[in-house]
Every structure is written in structure tokens, then in C-alpha cells.
>>> print(open('my_file-v9.txt').read())   # compact mmCIF, C-alpha atoms
# COMPACT_ATOMS: atom_id res chain seq x y z
CA MET Z 1 8.04 20.21 -4.08
CA THR Z 2 5.78 22.29 -1.88
CA GLU Z 3 5.49 23.18 1.77
CA GLU Z 4 1.70 23.46 1.72
CA LYS Z 5 -0.21 21.19 4.07
CA LEU Z 6 -1.50 18.47 1.77
CA MET Z 7 -3.68 16.58 4.25
CA SER Z 8 -5.85 17.97 7.00
CA LYS Z 9 -8.82 16.03 8.35
CA LYS Z 10 -8.32 12.59 9.87
CA LYS Z 11 -9.72 9.93 7.58
CA PRO Z 12 -12.61 7.89 9.05
CA ALA Z 13 -12.84 4.11 8.69
CA TYR Z 14 -15.55 3.01 6.26
CA PRO Z 15 -17.59 -0.19 6.73
CA VAL Z 16 -17.62 -3.05 4.23
CA GLN Z 17 -20.84 -2.93 2.20
CA LYS Z 18 -22.64 -5.92 0.65
CA LYS Z 19 -21.02 -5.70 -2.81
CA LEU Z 20 -17.50 -5.56 -1.40
CA ASP Z 21 -18.32 -8.33 1.07
CA ALA Z 22 -19.50 -10.56 -1.81
CA TYR Z 23 -16.33 -9.72 -3.74
CA LEU Z 24 -14.13 -10.71 -0.78
CA HIS Z 25 -16.02 -13.97 -0.42
CA ARG Z 26 -15.67 -14.80 -4.13
CA TYR Z 27 -11.90 -14.30 -4.09
CA ASN Z 28 -11.22 -16.06 -0.78
CA ARG Z 29 -10.33 -12.92 1.14
CA LYS Z 30 -13.18 -13.43 3.60
CA ILE Z 31 -12.24 -16.26 5.96
CA GLU Z 32 -13.30 -16.89 9.53
CA ILE Z 33 -10.47 -16.23 11.97
CA PRO Z 34 -10.28 -17.09 15.70
CA ILE Z 35 -9.34 -13.64 17.03
CA PHE Z 36 -10.49 -10.05 16.53
CA TYR Z 37 -8.73 -6.71 16.67
CA GLU Z 38 -10.68 -5.86 19.84
CA ASP Z 39 -9.30 -8.97 21.57
CA LEU Z 40 -5.76 -7.69 21.23
CA LEU Z 41 -6.71 -4.44 22.96
CA ARG Z 42 -7.04 -6.33 26.25
CA PHE Z 43 -3.33 -5.98 27.02
CA ALA Z 44 -2.32 -5.44 30.66
CA GLY Z 45 0.59 -3.11 29.92
CA SER Z 46 3.30 -2.10 27.46
CA VAL Z 47 6.92 -1.02 27.03
CA VAL Z 48 8.41 1.28 24.41
CA VAL Z 49 10.20 -0.37 21.46
CA TYR Z 50 13.47 1.33 20.49
CA ASP Z 51 15.52 0.77 17.35
CA SER Z 52 19.22 -0.18 17.24
CA ASP Z 53 20.18 3.50 17.57
CA GLY Z 54 18.06 3.97 20.68
CA GLU Z 55 15.36 5.95 18.86
CA ASP Z 56 11.67 5.55 19.71
CA THR Z 57 10.02 3.52 16.92
CA LEU Z 58 6.50 4.71 17.87
CA TRP Z 59 5.62 1.06 18.57
CA VAL Z 60 5.01 -0.35 22.05
CA ARG Z 61 5.39 -4.02 23.00
CA VAL Z 62 2.27 -5.14 24.81
CA TYR Z 63 1.82 -7.95 27.29
CA TYR Z 64 -1.23 -9.79 28.57
CA SER Z 65 -2.35 -11.51 31.72
CA ASP Z 66 -1.39 -15.20 31.95
CA SER Z 67 -4.94 -16.34 31.25
CA ASP Z 68 -5.34 -14.10 28.18
CA ARG Z 69 -1.85 -14.79 26.85
CA LYS Z 70 -2.36 -18.51 26.35
CA GLU Z 71 -5.62 -18.01 24.45
CA ILE Z 72 -4.21 -15.16 22.34
CA ASP Z 73 -1.04 -17.10 21.44
CA ILE Z 74 -3.05 -20.08 20.19
CA SER Z 75 -5.35 -17.83 18.17
CA LEU Z 76 -2.48 -15.89 16.59
CA LYS Z 77 -0.73 -19.12 15.57
CA LYS Z 78 -3.99 -20.22 13.96
CA VAL Z 79 -4.19 -16.92 12.05
CA TYR Z 80 -0.61 -17.44 10.84
CA SER Z 81 -1.55 -20.91 9.61
CA ILE Z 82 -4.60 -19.56 7.74
CA LEU Z 83 -2.58 -16.72 6.19
CA HIS Z 84 0.51 -18.67 5.18
CA SER Z 85 -0.46 -22.35 5.13
CA ASP Z 86 -3.53 -24.58 4.92
CA GLY Z 87 -5.12 -23.42 8.18
CA SER Z 88 -4.52 -26.70 10.00
CA ASP Z 89 -3.24 -27.02 13.56
CA ARG Z 90 -0.34 -29.31 12.76
CA ILE Z 91 2.26 -26.55 12.35
CA GLN Z 92 1.33 -24.77 15.57
CA GLU Z 93 3.67 -26.83 17.77
CA TYR Z 94 6.60 -25.44 15.75
CA LEU Z 95 5.55 -21.81 16.13
CA ASN Z 96 6.13 -19.26 18.86
CA VAL Z 97 4.59 -15.79 19.16
CA ASP Z 98 7.67 -13.77 20.07
CA ALA Z 99 6.06 -10.33 20.26
CA VAL Z 100 2.85 -8.38 19.91
CA ASP Z 101 3.52 -4.70 19.16
CA PHE Z 102 0.98 -1.89 19.01
CA CYS Z 103 1.33 1.39 17.10
CA THR Z 104 -0.67 4.43 18.20
CA PHE Z 105 0.69 6.55 15.32
CA GLY Z 106 -1.55 7.07 12.28
CA ASN Z 107 -5.11 6.08 11.48
CA SER Z 108 -4.99 2.30 11.48
CA LYS Z 109 -3.41 1.73 14.94
CA PRO Z 110 -2.21 -1.74 13.94
CA PHE Z 111 -0.90 -4.65 15.94
CA ARG Z 112 2.30 -6.22 14.57
CA ILE Z 113 2.70 -9.91 15.35
CA LYS Z 114 6.13 -11.59 15.25
CA VAL Z 115 5.90 -15.35 14.73
CA ARG Z 116 9.02 -17.54 14.90
CA ASN Z 117 9.62 -21.10 13.76
CA ILE Z 118 11.30 -22.72 16.77
CA LEU Z 119 13.04 -25.37 14.63
CA ASN Z 120 15.20 -22.93 12.67
CA ASP Z 121 14.59 -19.48 14.23
CA ASN Z 122 13.17 -18.06 11.00
CA TYR Z 123 10.51 -15.48 11.74
CA THR Z 124 7.99 -13.31 9.97
CA TYR Z 125 5.39 -10.68 10.81
CA PHE Z 126 1.75 -10.05 10.09
CA TYR Z 127 -0.56 -7.20 11.06
CA VAL Z 128 -3.96 -7.07 12.70
CA LYS Z 129 -5.99 -3.94 11.96
CA LYS Z 130 -9.55 -2.66 12.03
CA THR Z 131 -11.43 -3.31 8.81
CA ASP Z 132 -11.73 -0.26 6.55
CA ALA Z 133 -13.33 -0.51 3.11
CA SER Z 134 -11.06 2.06 1.47
CA ARG Z 135 -7.97 0.24 2.76
CA ILE Z 136 -9.31 -3.02 1.34
CA TYR Z 137 -9.81 -1.38 -2.06
CA GLY Z 138 -6.23 -0.14 -1.81
CA LEU Z 139 -4.89 -3.62 -1.04
CA GLU Z 140 -6.82 -5.18 -3.93
CA LEU Z 141 -5.69 -2.52 -6.41
CA GLU Z 142 -2.09 -3.04 -5.31
CA HIS Z 143 -2.53 -6.78 -5.81
CA MET Z 144 -3.80 -6.32 -9.36
CA LEU Z 145 -2.10 -3.18 -10.70
CA SER Z 146 1.38 -3.24 -9.13
CA PRO Z 147 4.16 -5.76 -9.86
CA TYR Z 148 3.45 -7.38 -6.48
CA ASN Z 149 0.85 -9.76 -5.07
CA LEU Z 150 -0.62 -9.20 -1.62
CA ASN Z 151 -2.02 -11.65 0.89
CA PHE Z 152 -4.67 -10.47 3.35
CA LEU Z 153 -7.81 -11.70 5.12
CA VAL Z 154 -10.98 -9.97 6.24
CA TYR Z 155 -13.42 -11.18 8.87
CA LYS Z 156 -16.09 -8.86 10.24
CA ASP Z 157 -14.29 -5.88 11.84
CA THR Z 158 -10.78 -7.36 11.61
CA LEU Z 159 -8.25 -7.13 8.79
CA ILE Z 160 -5.15 -9.35 8.66
CA GLU Z 161 -2.30 -8.23 6.39
CA GLU Z 162 0.92 -10.00 5.55
CA HIS Z 163 4.19 -8.17 6.17
CA ILE Z 164 5.81 -6.45 3.18
CA ALA Z 165 9.57 -6.83 3.56
CA GLY Z 166 11.95 -4.04 2.65
CA ILE Z 167 13.95 -1.10 3.97
CA PRO Z 168 11.67 1.72 5.19
CA GLY Z 169 11.95 4.61 2.74
CA ASP Z 170 12.91 7.18 5.37
CA VAL Z 171 15.66 4.92 6.74
CA PHE Z 172 16.98 4.20 3.24
CA ILE Z 173 17.03 7.88 2.26
CA LYS Z 174 18.87 8.84 5.45
CA ASP Z 175 21.35 6.00 5.85
CA MET Z 176 21.80 4.18 2.53
CA LEU Z 177 21.10 6.60 -0.32
CA PRO Z 178 24.33 8.59 0.26
CA LYS Z 179 26.33 5.34 -0.12
CA CYS Z 180 24.72 4.32 -3.43
CA SER Z 181 26.76 4.44 -6.62
CA GLU Z 182 25.86 6.94 -9.33
CA SER Z 183 24.30 4.20 -11.50
CA GLU Z 184 22.25 2.97 -8.52
CA LYS Z 185 21.02 6.51 -7.90
CA ALA Z 186 19.94 6.80 -11.54
CA GLN Z 187 18.07 3.50 -11.28
CA LEU Z 188 16.39 4.65 -8.03
CA ALA Z 189 15.33 7.87 -9.77
CA LYS Z 190 13.69 5.82 -12.53
CA GLU Z 191 11.87 3.67 -9.97
CA PHE Z 192 10.61 6.73 -8.11
CA VAL Z 193 9.17 8.20 -11.33
CA LYS Z 194 7.34 4.94 -12.00
CA PHE Z 195 6.17 4.63 -8.39
CA ASN Z 196 4.95 8.23 -8.44
CA GLU Z 197 2.99 7.59 -11.63
CA ARG Z 198 1.48 4.32 -10.37
CA CYS Z 199 0.23 5.95 -7.16
CA MET Z 200 -1.45 8.77 -9.09
CA ILE Z 201 -3.11 6.41 -11.59
CA ARG Z 202 -4.77 4.27 -8.91
CA LEU Z 203 -5.32 7.17 -6.44
CA LEU Z 204 -3.15 5.86 -3.60
CA GLY Z 205 -2.35 8.79 -1.34
CA ASP Z 206 0.05 9.71 1.45
CA MET Z 207 3.14 7.96 0.12
CA ARG Z 208 5.53 9.76 2.42
CA SER Z 209 8.89 8.04 2.80
CA TYR Z 210 7.82 6.00 5.85
CA ASN Z 211 4.80 4.59 3.97
CA TYR Z 212 6.84 2.72 1.37
CA VAL Z 213 9.86 0.43 1.41
CA ILE Z 214 12.90 0.09 -0.82
CA VAL Z 215 13.58 -3.50 -1.86
CA PRO Z 216 17.13 -4.30 -3.08
CA VAL Z 217 17.24 -7.13 -5.61
CA HIS Z 218 20.63 -8.64 -6.49
CA ASP Z 219 20.87 -9.21 -10.24
CA PHE Z 220 24.17 -10.70 -11.48
CA ASP Z 221 26.82 -8.04 -10.77
CA HIS Z 222 24.60 -5.20 -9.56
CA VAL Z 223 21.69 -4.32 -7.27
CA VAL Z 224 18.31 -3.24 -8.61
CA TYR Z 225 16.07 -1.25 -6.27
CA LYS Z 226 12.28 -1.53 -6.26
CA ILE Z 227 9.78 0.67 -4.40
CA ARG Z 228 6.71 -0.87 -2.72
CA ALA Z 229 3.85 0.82 -0.93
CA ILE Z 230 3.17 -0.60 2.54
CA ASP Z 231 0.31 1.60 3.76
CA PHE Z 232 -3.04 1.69 1.94
CA ASP Z 233 -4.99 3.79 4.43
CA GLN Z 234 -5.30 6.77 2.07
CA GLN Z 235 -6.79 5.01 -0.95
CA SER Z 236 -9.13 7.35 -2.85
CA PHE Z 237 -10.03 9.64 0.05
CA GLU Z 238 -8.40 13.08 -0.30
CA GLY Z 239 -9.57 15.75 -2.73
CA ASN Z 240 -6.15 17.26 -3.45
CA LEU Z 241 -4.60 15.49 -6.44
CA LYS Z 242 -1.11 16.25 -5.08
CA VAL Z 243 -1.76 13.82 -2.21
CA TYR Z 244 -1.67 11.00 -4.78
CA ARG Z 245 1.73 12.09 -6.13
CA PRO Z 246 4.62 11.20 -3.78
CA GLN Z 247 6.78 13.92 -5.35
CA PHE Z 248 4.87 16.62 -3.45
CA PHE Z 249 5.66 15.38 0.07
CA LYS Z 250 8.62 17.07 1.73
CA GLU Z 251 9.70 13.69 3.15
CA ASN Z 252 10.50 12.64 -0.44
CA TYR Z 253 12.53 15.74 -1.27
CA LYS Z 254 15.81 13.83 -1.72
CA MET Z 255 14.16 11.36 -4.10
CA VAL Z 256 12.76 14.23 -6.16
CA GLU Z 257 16.22 15.83 -6.24
CA LEU Z 258 17.60 12.50 -7.43
CA VAL Z 259 15.17 12.53 -10.37
CA ARG Z 260 16.08 16.13 -11.18
CA HIS Z 261 19.82 15.46 -11.20
CA LYS Z 262 19.90 12.00 -12.75
CA LEU Z 263 17.17 11.99 -15.41
CA GLN Z 264 16.55 14.20 -18.41
CA LYS Z 265 13.01 15.36 -19.07
CA ASP Z 266 12.67 13.02 -22.07
CA SER Z 267 13.60 10.06 -19.87
CA VAL Z 268 11.08 11.08 -17.19
CA ASP Z 269 8.35 11.34 -19.82
CA GLN Z 270 9.34 7.96 -21.25
CA TYR Z 271 9.16 6.25 -17.84
CA LYS Z 272 5.77 7.82 -17.11
CA ILE Z 273 4.33 6.51 -20.38
CA GLU Z 274 5.91 3.10 -19.80
CA GLU Z 275 4.22 2.86 -16.39
CA ARG Z 276 0.84 3.96 -17.73
CA SER Z 277 1.09 1.37 -20.48
CA ILE Z 278 2.05 -1.38 -18.01
CA VAL Z 279 -0.84 -0.48 -15.70
CA ALA Z 280 -3.23 -0.47 -18.68
CA LYS Z 281 -2.10 -3.98 -19.57
CA ARG Z 282 -2.54 -5.11 -15.95
CA ILE Z 283 -6.09 -3.71 -15.95
CA LEU Z 284 -6.85 -5.74 -19.07
CA SER Z 285 -5.25 -8.92 -17.72
CA SER Z 286 -7.17 -8.62 -14.42
CA GLY Z 287 -10.38 -9.19 -16.39
CA ASN Z 288 -13.50 -9.90 -14.37
CA ARG Z 289 -11.76 -9.47 -11.05
CA ILE Z 290 -11.07 -5.76 -11.49
CA ARG Z 291 -14.49 -5.24 -13.09
CA ARG Z 292 -16.14 -6.73 -10.00
CA LEU Z 293 -14.00 -4.57 -7.71
CA VAL Z 294 -14.89 -1.43 -9.67
CA SER Z 295 -18.56 -2.43 -9.58
CA ALA Z 296 -18.31 -2.59 -5.78
CA VAL Z 297 -16.44 0.69 -5.30
CA LYS Z 298 -18.52 2.89 -7.63
CA PRO Z 299 -21.60 3.14 -5.39
CA ASP Z 300 -19.61 2.87 -2.13
CA THR Z 301 -18.97 5.69 0.33
CA ILE Z 302 -15.20 5.97 0.86
CA SER Z 303 -14.71 9.73 0.94
CA LEU Z 304 -16.32 13.08 1.76
CA PRO Z 305 -18.48 15.06 -0.72
CA GLU Z 306 -16.11 18.04 -0.72
CA ASN Z 307 -13.16 15.76 -1.51
CA ILE Z 308 -15.01 14.16 -4.42
CA GLU Z 309 -15.96 17.55 -5.84
CA ARG Z 310 -12.42 18.89 -5.66
CA LEU Z 311 -10.66 15.81 -7.01
CA LYS Z 312 -12.93 15.28 -10.02
CA LEU Z 313 -12.37 18.89 -11.12
CA GLU Z 314 -8.59 18.65 -10.66
CA ILE Z 315 -8.46 15.44 -12.71
CA TYR Z 316 -10.69 17.06 -15.37
CA ASP Z 317 -8.19 19.95 -15.59
CA LEU Z 318 -5.46 17.35 -16.17
CA THR Z 319 -7.28 15.08 -18.65
CA LYS Z 320 -10.02 17.31 -20.17
CA ASP Z 321 -12.32 14.28 -19.94
CA MET Z 322 -15.87 15.59 -19.32
CA ASP Z 323 -16.95 12.32 -17.67
CA PHE Z 324 -15.00 13.26 -14.53
CA LYS Z 325 -17.21 16.32 -14.03
CA LYS Z 326 -20.31 14.08 -14.05
CA SER Z 327 -19.07 11.67 -11.36
CA THR Z 328 -20.82 11.72 -7.98
CA THR Z 329 -18.80 9.24 -5.90
CA MET Z 330 -15.09 8.68 -5.29
CA GLY Z 331 -15.52 5.18 -6.70
CA GLU Z 332 -16.75 6.69 -9.99
CA VAL Z 333 -13.71 9.00 -10.08
CA LEU Z 334 -11.43 6.00 -9.52
CA SER Z 335 -13.23 3.96 -12.17
CA LEU Z 336 -12.92 6.77 -14.72
CA ALA Z 337 -9.22 7.21 -13.91
CA LEU Z 338 -8.53 3.52 -14.55
CA ASP Z 339 -10.65 3.57 -17.71
CA PHE Z 340 -8.82 6.67 -18.97
CA VAL Z 341 -5.44 4.95 -18.58
CA LYS Z 342 -6.68 1.74 -20.17
CA ARG Z 343 -8.26 3.53 -23.11
CA ASN Z 344 -5.31 5.80 -23.86
CA TYR Z 345 -2.29 3.65 -23.08
CA GLU Z 346 -3.11 -0.03 -23.71
CA ASP Z 347 -1.74 0.06 -27.27
CA VAL Z 348 1.33 2.22 -26.65
CA SER Z 349 4.44 0.46 -27.98
CA MET Z 350 8.08 1.05 -27.14
CA LYS Z 351 8.60 2.15 -30.77
CA GLN Z 352 6.01 4.92 -30.31
CA ILE Z 353 7.72 6.07 -27.11
CA ILE Z 354 11.16 6.17 -28.72
CA GLU Z 355 9.88 7.97 -31.83
CA LYS Z 356 7.84 10.34 -29.63
CA LYS Z 357 4.67 9.65 -31.58
CA PHE Z 358 2.71 9.54 -28.34
>>> encode(input="my_file-v9.txt", output="C-alpha cells")
Amino acid sequence: MTEEKLMSKKKPAYPVQKKLDAYLHRYNRKIEIPIFYEDLLRFAGSVVVYDSDGEDTLWVRVYYSDSDRKEIDISLKKVYSILHSDGSDRIQEYLNVDAVDFCTFGNSKPFRIKVRNILNDNYTYFYVKKTDASRIYGLELEHMLSPYNLNFLVYKDTLIEEHIAGIPGDVFIKDMLPKCSESEKAQLAKEFVKFNERCMIRLLGDMRSYNYVIVPVHDFDHVVYKIRAIDFDQQSFEGNLKVYRPQFFKENYKMVELVRHKLQKDSVDQYKIEERSIVAKRILSSGNRIRRLVSAVKPDTISLPENIERLKLEIYDLTKDMDFKKSTTMGEVLSLALDFVKRNYEDVSMKQIIEKKF
């Protein structure tokens, strides 16, 4: 853990270039939608949203004029249908837009849309954000290299993301972690090691506790906890390698302490190698899709020159791979990082891990 300031400058939003645009079109991520991020900014006013304890959530609930509201409701129902169904209008009569919330905290300034099925009161959320190339790369890498699939759409300057369900990490650490059994704490420690390793491998930064969720999964007579990233704004931007390792954020201090108290060093090393091997296998199984994504990101501008220079040298110090020193873009650094993991860990077997031959 460290108290140093890991992140300084505000990250800019990067436009979608031709190669990434063609990639999105090929894999059905680029679909025409009836509303844009800018349209939702036309709200007439807002009220603060508080949680069940009366704390400010940093979201505000916005409202629109009567004329705008009707048009916006229809458009948002259409977006829901495109995201979750076949895009037809036939389900719209069963949907209601219960709330449109706006968050001024952070870079993306998203809108959160709550859509309810009026027949059974089931509801779900989706998010409307400004398009940012680095965030799109982050979403695609999560889709391919994590255990989870992601659904999102891009159209011009607007990005639509599905909601990722789970308990916010900061809420879980504060309210639920103290109530966990000792075996559950050990399992959470294992998951945090794997999550930490996965973020570093694919250069996903800023995984402070409020940028990931804990997902409890009931399995026979016990609960298994999984950790999922929910914010991909800081994909491959910062130059400090520590930004890509959740263990170095003070917000994750209790999770780091959990690892220290519950896992022996040999176990931590084992879980790290397991995760690298799993990611290597996912890279291989992604085939042409990840090759096309890497081809798009390598020449793209998604970071600052000083960040690229610092990060490639820090990764070289870690890997001793001279190719990192030769890279000139953040996309090349990312490509080399994925290639390094694939090359060195694709053939690692559990027997090698147990016998410590790796």
C-alpha cells in the first residue's frame, strides 16, 4: 500500500478512429440509435439522489419539459429494445422509464436509465455516456479476457453500456466484509489476487473500491464471491504501473490486508500464475477478434507521450523484454503486454504450478 498520489491529470476523451470504427461495425457494436448523449443534457432541472442511509450518492435525478419527456421516453425504450431484445417496437408498450439519473462525478459523466417492465415490476438499468476510444478498448478487453461478457453499443458520439449488477466494492468492504466467515474471507482474498493480476495484465487502471462490484454466487451450501470491474475509463492511459494494480489504492486497503492475513506467499504466487495462464488461454481462444482489436489500438492515440514513455520503461524493468523499450504508442505497449502473457503462460499446467517448476 502507498499514500502517494497515483493519478494526477484528468484523462481526455479520445475519438474513435477508422480502424476501431470498422472493428465495431464488424462485431455488431456499431448500431444506429434514436437518441444521443447531448439530447439527455436538455433536462429542465434535477434533485439529489440519496441512498437508504440518507447519504448523497453523487447522482442527481433529472427531469425534462413535457414536450421533451415524451420524445426522450420513446427513444430510451427503443434503446433498451436494441440493447436487450431485437430492436422492435412491440415491447415498448410494456416498458416504463422510471428514472433518468446524471452523475457529475468522474470523467464520463454518465446518465443512468432505469427501465421497468410494467407487467411484473422487474427493472434494469443501462448507461448513456460520451464515446471514448480508450473506454471502448477497455470494454472489449473485458469482454474477451475476463470471465464475463459485456453488452454495449456505439453510435457516433454516444456510448450505451449495459448495467453490471453487484454490490459496490466500497459498500461491501464497509458493511458486509466484517460479517463474512473466515472461509469466505479467504475466498475473497483469492479473488482479489486474481482480479489484481487481471487488471495489470490488460492495463485497466483506477480500480478503486467504487469502480468494481462484488458478486455473491450461491453454490450448494456456501457463497462464492466474484469481483467485476464496472468502470473502464482508465484503460491504458496512465504511465504509472501501480495505477493498473488495485492493491496500491488506499480504498482497497482492507482487501490487501485480507490477502496478507489469509493467504501464504506460495498461494498468492500460485493464484497469480493461474490467472496469467487463464488470460493467455482466453487470448488464444479469442482468435481473430482480439487480433483485429490489437491491430486497431496499436496505431491509435489513447494516451500522452510522457505516460507511454514512463509505462514502457516500468514494464521493461518488470519483464526485461527489450521490445517494450522500442514501443512508441500505448497500443503497442498493450499489445506487447498481452503477447508476453500469451507467450510465457499459455502452456503452464497445474502440475507445473504445484511442483514449482515455473
>>> closest_residue(input="my_file-v9.txt", among="Z:Lys129, Z:His25, Z:Arg343, Z:Lys254", to="Asp39 (chain Z)", atoms="all atoms listed in the file")
Z:Lys129
>>> residues_around(input="my_file-v9.txt", residues="Phe126 (chain Z)", least_positions_apart="5", cutoff="7 Å", atoms="only C-alpha atoms", output="PyMOL selection string")
chain Z and resi 112-114+161-163
>>> residues_around(input="my_file-v9.txt", residues="region 21-23 of chain Z", least_positions_apart="4", cutoff="9 Å", atoms="only C-alpha atoms", output="list in words")
Val16, Gln17, Tyr27, Asn28, Arg29, Lys30, Arg289, Arg292, Leu293 and Ala296 of chain Z
>>> residues_around(input="my_file-v9.txt", residues="region 87-99 of chain Z", least_positions_apart="2", cutoff="7 Å", atoms="all atoms listed in the file", output="list in words")
Arg61, Asp73, Lys77, Lys78, Ser81, Ile82, Ser85, Asp101, Ile113, Lys114, Val115, Arg116, Asn117, Ile118 and Leu119 of chain Z
>>> closest_residue(input="my_file-v9.txt", among="Z:Tyr148, Z:Tyr244, Z:Phe249, Z:Phe111", to="Glu38 (chain Z)", atoms="only C-alpha atoms")
Z:Phe111
>>> residues_around(input="my_file-v9.txt", residues="Leu139 (chain Z)", least_positions_apart="6", cutoff="12 Å", atoms="only C-alpha atoms", output="PDB file with C-alpha atoms, in the frame of the given file")
ATOM      1  CA  LEU Z  24     -14.130 -10.710  -0.780  1.00  0.00           C
ATOM      2  CA  ARG Z  29     -10.330 -12.920   1.140  1.00  0.00           C
ATOM      3  CA  THR Z 131     -11.430  -3.310   8.810  1.00  0.00           C
ATOM      4  CA  ASP Z 132     -11.730  -0.260   6.550  1.00  0.00           C
ATOM      5  CA  ALA Z 133     -13.330  -0.510   3.110  1.00  0.00           C
ATOM      6  CA  LEU Z 145      -2.100  -3.180 -10.700  1.00  0.00           C
ATOM      7  CA  SER Z 146       1.380  -3.240  -9.130  1.00  0.00           C
ATOM      8  CA  TYR Z 148       3.450  -7.380  -6.480  1.00  0.00           C
ATOM      9  CA  ASN Z 149       0.850  -9.760  -5.070  1.00  0.00           C
ATOM     10  CA  LEU Z 150      -0.620  -9.200  -1.620  1.00  0.00           C
ATOM     11  CA  ASN Z 151      -2.020 -11.650   0.890  1.00  0.00           C
ATOM     12  CA  PHE Z 152      -4.670 -10.470   3.350  1.00  0.00           C
ATOM     13  CA  LEU Z 153      -7.810 -11.700   5.120  1.00  0.00           C
ATOM     14  CA  VAL Z 154     -10.980  -9.970   6.240  1.00  0.00           C
ATOM     15  CA  LEU Z 159      -8.250  -7.130   8.790  1.00  0.00           C
ATOM     16  CA  ILE Z 160      -5.150  -9.350   8.660  1.00  0.00           C
ATOM     17  CA  GLU Z 161      -2.300  -8.230   6.390  1.00  0.00           C
ATOM     18  CA  GLU Z 162       0.920 -10.000   5.550  1.00  0.00           C
ATOM     19  CA  ILE Z 164       5.810  -6.450   3.180  1.00  0.00           C
ATOM     20  CA  ARG Z 202      -4.770   4.270  -8.910  1.00  0.00           C
ATOM     21  CA  LEU Z 204      -3.150   5.860  -3.600  1.00  0.00           C
ATOM     22  CA  ALA Z 229       3.850   0.820  -0.930  1.00  0.00           C
ATOM     23  CA  ILE Z 230       3.170  -0.600   2.540  1.00  0.00           C
ATOM     24  CA  ASP Z 231       0.310   1.600   3.760  1.00  0.00           C
ATOM     25  CA  PHE Z 232      -3.040   1.690   1.940  1.00  0.00           C
ATOM     26  CA  ASP Z 233      -4.990   3.790   4.430  1.00  0.00           C
ATOM     27  CA  GLN Z 234      -5.300   6.770   2.070  1.00  0.00           C
ATOM     28  CA  GLN Z 235      -6.790   5.010  -0.950  1.00  0.00           C
ATOM     29  CA  SER Z 236      -9.130   7.350  -2.850  1.00  0.00           C
ATOM     30  CA  LEU Z 293     -14.000  -4.570  -7.710  1.00  0.00           C
TER      31      LEU Z 293
END
>>> closest_residue(input="my_file-v9.txt", among="Z:Ser286, Z:Gln187, Z:Ser67, Z:Ser75", to="Met144 (chain Z)", atoms="only C-alpha atoms")
Z:Ser286
>>> atom_distance(input="my_file-v9.txt", atom1="CA of Asp68 (chain Z)", atom2="CA of Asn120 (chain Z)")
27.2 Å
>>> closest_residue(input="my_file-v9.txt", among="Z:Glu238, Z:Asp53, Z:Glu184, Z:Asp121", to="Ile308 (chain Z)", atoms="all atoms listed in the file")
Z:Glu238
>>> residues_near_point(input="my_file-v9.txt", point="(-5.0, 2.8, -16.4)", cutoff="12 Å", atoms="only C-alpha atoms", output="short mmCIF file (atom, residue, chain, number, x, y, z; two decimals) with C-alpha atoms, in the frame of the given file")
data_model
loop_
_atom_site.label_atom_id
_atom_site.label_comp_id
_atom_site.auth_asym_id
_atom_site.auth_seq_id
_atom_site.Cartn_x
_atom_site.Cartn_y
_atom_site.Cartn_z
CA LEU Z 141 -5.69 -2.52 -6.41
CA MET Z 144 -3.80 -6.32 -9.36
CA LEU Z 145 -2.10 -3.18 -10.70
CA SER Z 146 1.38 -3.24 -9.13
CA GLU Z 197 2.99 7.59 -11.63
CA ARG Z 198 1.48 4.32 -10.37
CA CYS Z 199 0.23 5.95 -7.16
CA MET Z 200 -1.45 8.77 -9.09
CA ILE Z 201 -3.11 6.41 -11.59
CA ARG Z 202 -4.77 4.27 -8.91
CA LEU Z 203 -5.32 7.17 -6.44
CA LYS Z 272 5.77 7.82 -17.11
CA ILE Z 273 4.33 6.51 -20.38
CA GLU Z 274 5.91 3.10 -19.80
CA GLU Z 275 4.22 2.86 -16.39
CA ARG Z 276 0.84 3.96 -17.73
CA SER Z 277 1.09 1.37 -20.48
CA ILE Z 278 2.05 -1.38 -18.01
CA VAL Z 279 -0.84 -0.48 -15.70
CA ALA Z 280 -3.23 -0.47 -18.68
CA LYS Z 281 -2.10 -3.98 -19.57
CA ARG Z 282 -2.54 -5.11 -15.95
CA ILE Z 283 -6.09 -3.71 -15.95
CA LEU Z 284 -6.85 -5.74 -19.07
CA SER Z 285 -5.25 -8.92 -17.72
CA SER Z 286 -7.17 -8.62 -14.42
CA ILE Z 290 -11.07 -5.76 -11.49
CA LEU Z 334 -11.43 6.00 -9.52
CA SER Z 335 -13.23 3.96 -12.17
CA LEU Z 336 -12.92 6.77 -14.72
CA ALA Z 337 -9.22 7.21 -13.91
CA LEU Z 338 -8.53 3.52 -14.55
CA ASP Z 339 -10.65 3.57 -17.71
CA PHE Z 340 -8.82 6.67 -18.97
CA VAL Z 341 -5.44 4.95 -18.58
CA LYS Z 342 -6.68 1.74 -20.17
CA ARG Z 343 -8.26 3.53 -23.11
CA ASN Z 344 -5.31 5.80 -23.86
CA TYR Z 345 -2.29 3.65 -23.08
CA GLU Z 346 -3.11 -0.03 -23.71
CA ASP Z 347 -1.74 0.06 -27.27
#
>>> atom_distance(input="my_file-v9.txt", atom1="CA of Phe172 (chain Z)", atom2="CA of Asp51 (chain Z)")
14.6 Å
>>> atom_distance(input="my_file-v9.txt", atom1="CA of Tyr50 (chain Z)", atom2="CA of Arg135 (chain Z)")
27.8 Å
>>> residues_around(input="my_file-v9.txt", residues="Ile315 (chain Z)", least_positions_apart="2", cutoff="9 Å", atoms="all atoms listed in the file", output="PyMOL selection string")
chain Z and resi 241+310-313+317-321+324-325+333+337
>>> closest_residue(input="my_file-v9.txt", among="Z:Ile31, Z:Tyr253, Z:Ile302, Z:Leu40", to="Ala13 (chain Z)", atoms="all atoms listed in the file")
Z:Ile302
>>> axis_aligned_box(input="my_file-v9.txt", around="region 8-18 of chain Z", padding_each_side="3 Å", output="AutoDock Vina command-line options")
--center_x -14.2 --center_y 6.0 --center_z 5.3 --size_x 22.8 --size_y 29.9 --size_z 15.2
